[in-house]
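For reference, model32.pdb is printed below; it contains PDB, C-alpha atoms.
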ATOM      1  CA  MET Z   1      -3.112  17.619  -2.918
ATOM      2  CA  THR Z   2      -5.587  15.610  -4.949
ATOM      3  CA  PHE Z   3      -5.952  11.932  -4.295
ATOM      4  CA  THR Z   4      -5.967   9.655  -7.302
ATOM      5  CA  MET Z   5      -6.520   5.947  -7.085
ATOM      6  CA  LYS Z   6      -3.922   3.683  -8.597
ATOM      7  CA  PRO Z   7      -4.978   1.109 -11.230
ATOM      8  CA  GLN Z   8      -7.955  -1.079 -10.318
ATOM      9  CA  THR Z   9      -5.676  -3.979  -9.304
ATOM     10  CA  THR Z  10      -4.703  -2.021  -6.188
ATOM     11  CA  SER Z  11      -6.940  -2.264  -3.129
ATOM     12  CA  THR Z  12      -8.337   0.866  -1.520
ATOM     13  CA  ARG Z  13      -6.185   0.198   1.555
ATOM     14  CA  ASP Z  14      -3.031  -0.029  -0.581
ATOM     15  CA  ALA Z  15      -3.898   3.145  -2.487
ATOM     16  CA  VAL Z  16      -4.560   5.069   0.725
ATOM     17  CA  SER Z  17      -1.385   3.693   2.334
ATOM     18  CA  HIS Z  18       0.637   4.714  -0.702
ATOM     19  CA  ALA Z  19      -0.860   8.228  -0.773
ATOM     20  CA  LEU Z  20      -0.320   8.773   2.969
ATOM     21  CA  ARG Z  21       3.236   7.380   2.776
ATOM     22  CA  GLU Z  22       4.033   9.831  -0.028
ATOM     23  CA  GLN Z  23       2.579  12.752   1.934
ATOM     24  CA  ILE Z  24       4.617  11.793   5.001
ATOM     25  CA  MET Z  25       7.843  11.289   3.044
ATOM     26  CA  MET Z  26       7.412  14.594   1.188
ATOM     27  CA  LEU Z  27       6.677  16.330   4.532
ATOM     28  CA  GLU Z  28       3.208  17.375   3.386
ATOM     29  CA  LEU Z  29       2.115  15.768   6.665
ATOM     30  CA  VAL Z  30       4.501  17.375   9.131
ATOM     31  CA  PRO Z  31       6.100  15.142  11.814
ATOM     32  CA  GLY Z  32       4.138  15.342  15.036
ATOM     33  CA  THR Z  33       0.901  16.319  13.278
ATOM     34  CA  GLY Z  34      -2.233  14.595  14.529
ATOM     35  CA  ILE Z  35      -4.420  12.937  11.903
ATOM     36  CA  SER Z  36      -7.815  11.320  12.260
ATOM     37  CA  GLU Z  37      -9.517   8.459  10.466
ATOM     38  CA  LYS Z  38     -12.564  10.634   9.880
ATOM     39  CA  GLU Z  39     -10.547  13.513   8.385
ATOM     40  CA  ILE Z  40      -8.594  11.220   6.049
ATOM     41  CA  SER Z  41     -11.691   9.246   5.018
ATOM     42  CA  LEU Z  42     -13.408  12.480   4.006
ATOM     43  CA  LYS Z  43     -10.310  13.701   2.179
ATOM     44  CA  PHE Z  44      -9.958  10.467   0.159
ATOM     45  CA  ASN Z  45     -13.705   9.810  -0.039
ATOM     46  CA  VAL Z  46     -13.426   6.244   1.271
ATOM     47  CA  SER Z  47     -14.795   4.425   4.313
ATOM     48  CA  ARG Z  48     -12.905   4.397   7.586
ATOM     49  CA  THR Z  49     -11.979   0.697   7.407
ATOM     50  CA  PRO Z  50      -9.259   1.053   4.731
ATOM     51  CA  ILE Z  51      -8.035   4.164   6.554
ATOM     52  CA  ARG Z  52      -7.746   2.230   9.817
ATOM     53  CA  GLU Z  53      -5.898  -0.600   8.034
ATOM     54  CA  SER Z  54      -3.572   1.918   6.373
ATOM     55  CA  PHE Z  55      -2.832   3.548   9.723
ATOM     56  CA  VAL Z  56      -1.868   0.163  11.198
ATOM     57  CA  ARG Z  57       0.395  -0.616   8.232
ATOM     58  CA  LEU Z  58       2.097   2.799   8.398
ATOM     59  CA  ALA Z  59       2.525   2.437  12.164
ATOM     60  CA  GLN Z  60       4.260  -0.913  11.599
ATOM     61  CA  GLU Z  61       6.601   0.875   9.170
ATOM     62  CA  GLY Z  62       7.329   3.509  11.831
ATOM     63  CA  LEU Z  63       5.709   6.378   9.929
ATOM     64  CA  LEU Z  64       2.750   6.831  12.288
ATOM     65  CA  GLU Z  65       2.325   6.547  16.040
ATOM     66  CA  ILE Z  66      -1.031   5.250  17.219
ATOM     67  CA  LEU Z  67      -1.674   6.194  20.833
ATOM     68  CA  PRO Z  68      -4.871   4.588  22.180
ATOM     69  CA  GLN Z  69      -7.389   7.100  23.551
ATOM     70  CA  ARG Z  70      -5.123   9.969  22.396
ATOM     71  CA  GLY Z  71      -4.928   9.810  18.615
ATOM     72  CA  THR Z  72      -2.721   9.054  15.649
ATOM     73  CA  PHE Z  73       0.310  11.181  14.905
ATOM     74  CA  VAL Z  74       2.916  11.399  12.159
ATOM     75  CA  SER Z  75       6.127  10.008  13.685
ATOM     76  CA  LEU Z  76       8.907  12.408  14.509
ATOM     77  CA  ILE Z  77      12.125  12.093  12.522
ATOM     78  CA  ASP Z  78      14.670  10.000  14.432
ATOM     79  CA  LEU Z  79      17.913  11.934  14.056
ATOM     80  CA  GLU Z  80      20.005   8.925  15.123
ATOM     81  CA  LEU Z  81      18.594   6.885  12.230
ATOM     82  CA  VAL Z  82      19.208   9.780   9.845
ATOM     83  CA  GLU Z  83      22.835  10.009  10.966
ATOM     84  CA  GLU Z  84      23.269   6.238  10.688
ATOM     85  CA  ALA Z  85      21.859   6.251   7.134
ATOM     86  CA  ARG Z  86      24.117   9.158   6.176
ATOM     87  CA  PHE Z  87      27.135   7.314   7.563
ATOM     88  CA  MET Z  88      26.258   4.115   5.684
ATOM     89  CA  ARG Z  89      25.835   5.992   2.392
ATOM     90  CA  GLU Z  90      29.093   7.830   2.942
ATOM     91  CA  GLN Z  91      30.926   4.546   3.527
ATOM     92  CA  LEU Z  92      29.505   2.966   0.382
TER      93      LEU Z  92
END
If you convert what's in this file into structure tokens, what do you get?
Amino acid sequence: MTFTMKPQTTSTRDAVSHALREQIMMLELVPGTGISEKEISLKFNVSRTPIRESFVRLAQEGLLEILPQRGTFVSLIDLELVEEARFMREQL
């Protein structure tokens, strides 16, 4: 997948967060996959600081798991949350 920056009004961190979020949601980054700041910074051709900030933001959203001294991983899909969402949609 090619990375394209959004309009200039978007910060690098926001653009990277958006791109990673899309890749996670579209399962291009498979749940449980380890990802590194260095690998992503090379892929998007940006410094590691916006990558690190993006990782923190995505971890707060529950899309990434940051395990100190072990690495960063794409969060596994929580089947209970999936079932709850399906139930809510069905009821509406």
(message) Given the PyMOL selection byres ((chain Z and resi 42-59) around 8) and the file above, list the residues it selects as a list in words.
(response) Phe3, Thr12, Arg13, Asp14, Val16, Ser17, Arg21, Glu37, Lys38, Glu39, Ile40, Ser41, Gln60, Glu61, Gly62, Leu63, Leu64, Glu65 and Ile66 of chain Z
Could you tell me which residues the PyMOL selection byres ((chain Z and resi 71) around 10) returns for this structure, as a JSON list (two decimals) with C-alpha atoms, keeping the file's coordinate frame?
[["chain", "number", "residue", "atom", "x", "y", "z"],
["Z", 34, "GLY", "CA", -2.23, 14.60, 14.53],
["Z", 35, "ILE", "CA", -4.42, 12.94, 11.90],
["Z", 36, "SER", "CA", -7.82, 11.32, 12.26],
["Z", 37, "GLU", "CA", -9.52, 8.46, 10.47],
["Z", 65, "GLU", "CA", 2.33, 6.55, 16.04],
["Z", 66, "ILE", "CA", -1.03, 5.25, 17.22],
["Z", 67, "LEU", "CA", -1.67, 6.19, 20.83],
["Z", 68, "PRO", "CA", -4.87, 4.59, 22.18],
["Z", 69, "GLN", "CA", -7.39, 7.10, 23.55],
["Z", 70, "ARG", "CA", -5.12, 9.97, 22.40],
["Z", 72, "THR", "CA", -2.72, 9.05, 15.65],
["Z", 73, "PHE", "CA", 0.31, 11.18, 14.90]]
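What the PyMOL selection byres ((chain Z and resi 32) around 7) picks from this file is Val30, Pro31, Thr33, Gly34, Phe73, Val74, Ser75 and Leu76 of chain Z.
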(request) Tell me, in Å to one decimal, how far CA of Met25 (chain Z) is from CA of Leu81 (chain Z). (result) 14.8 Å
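Interatomic distance, CA of Ile77 (chain Z) to CA of Met26 (chain Z): 12.5 Å.
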(request) Could you tell me how far CA of Ile24 (chain Z) lies from CA of Glu90 (chain Z), in Å and to one decimal? (result) 24.9 Å
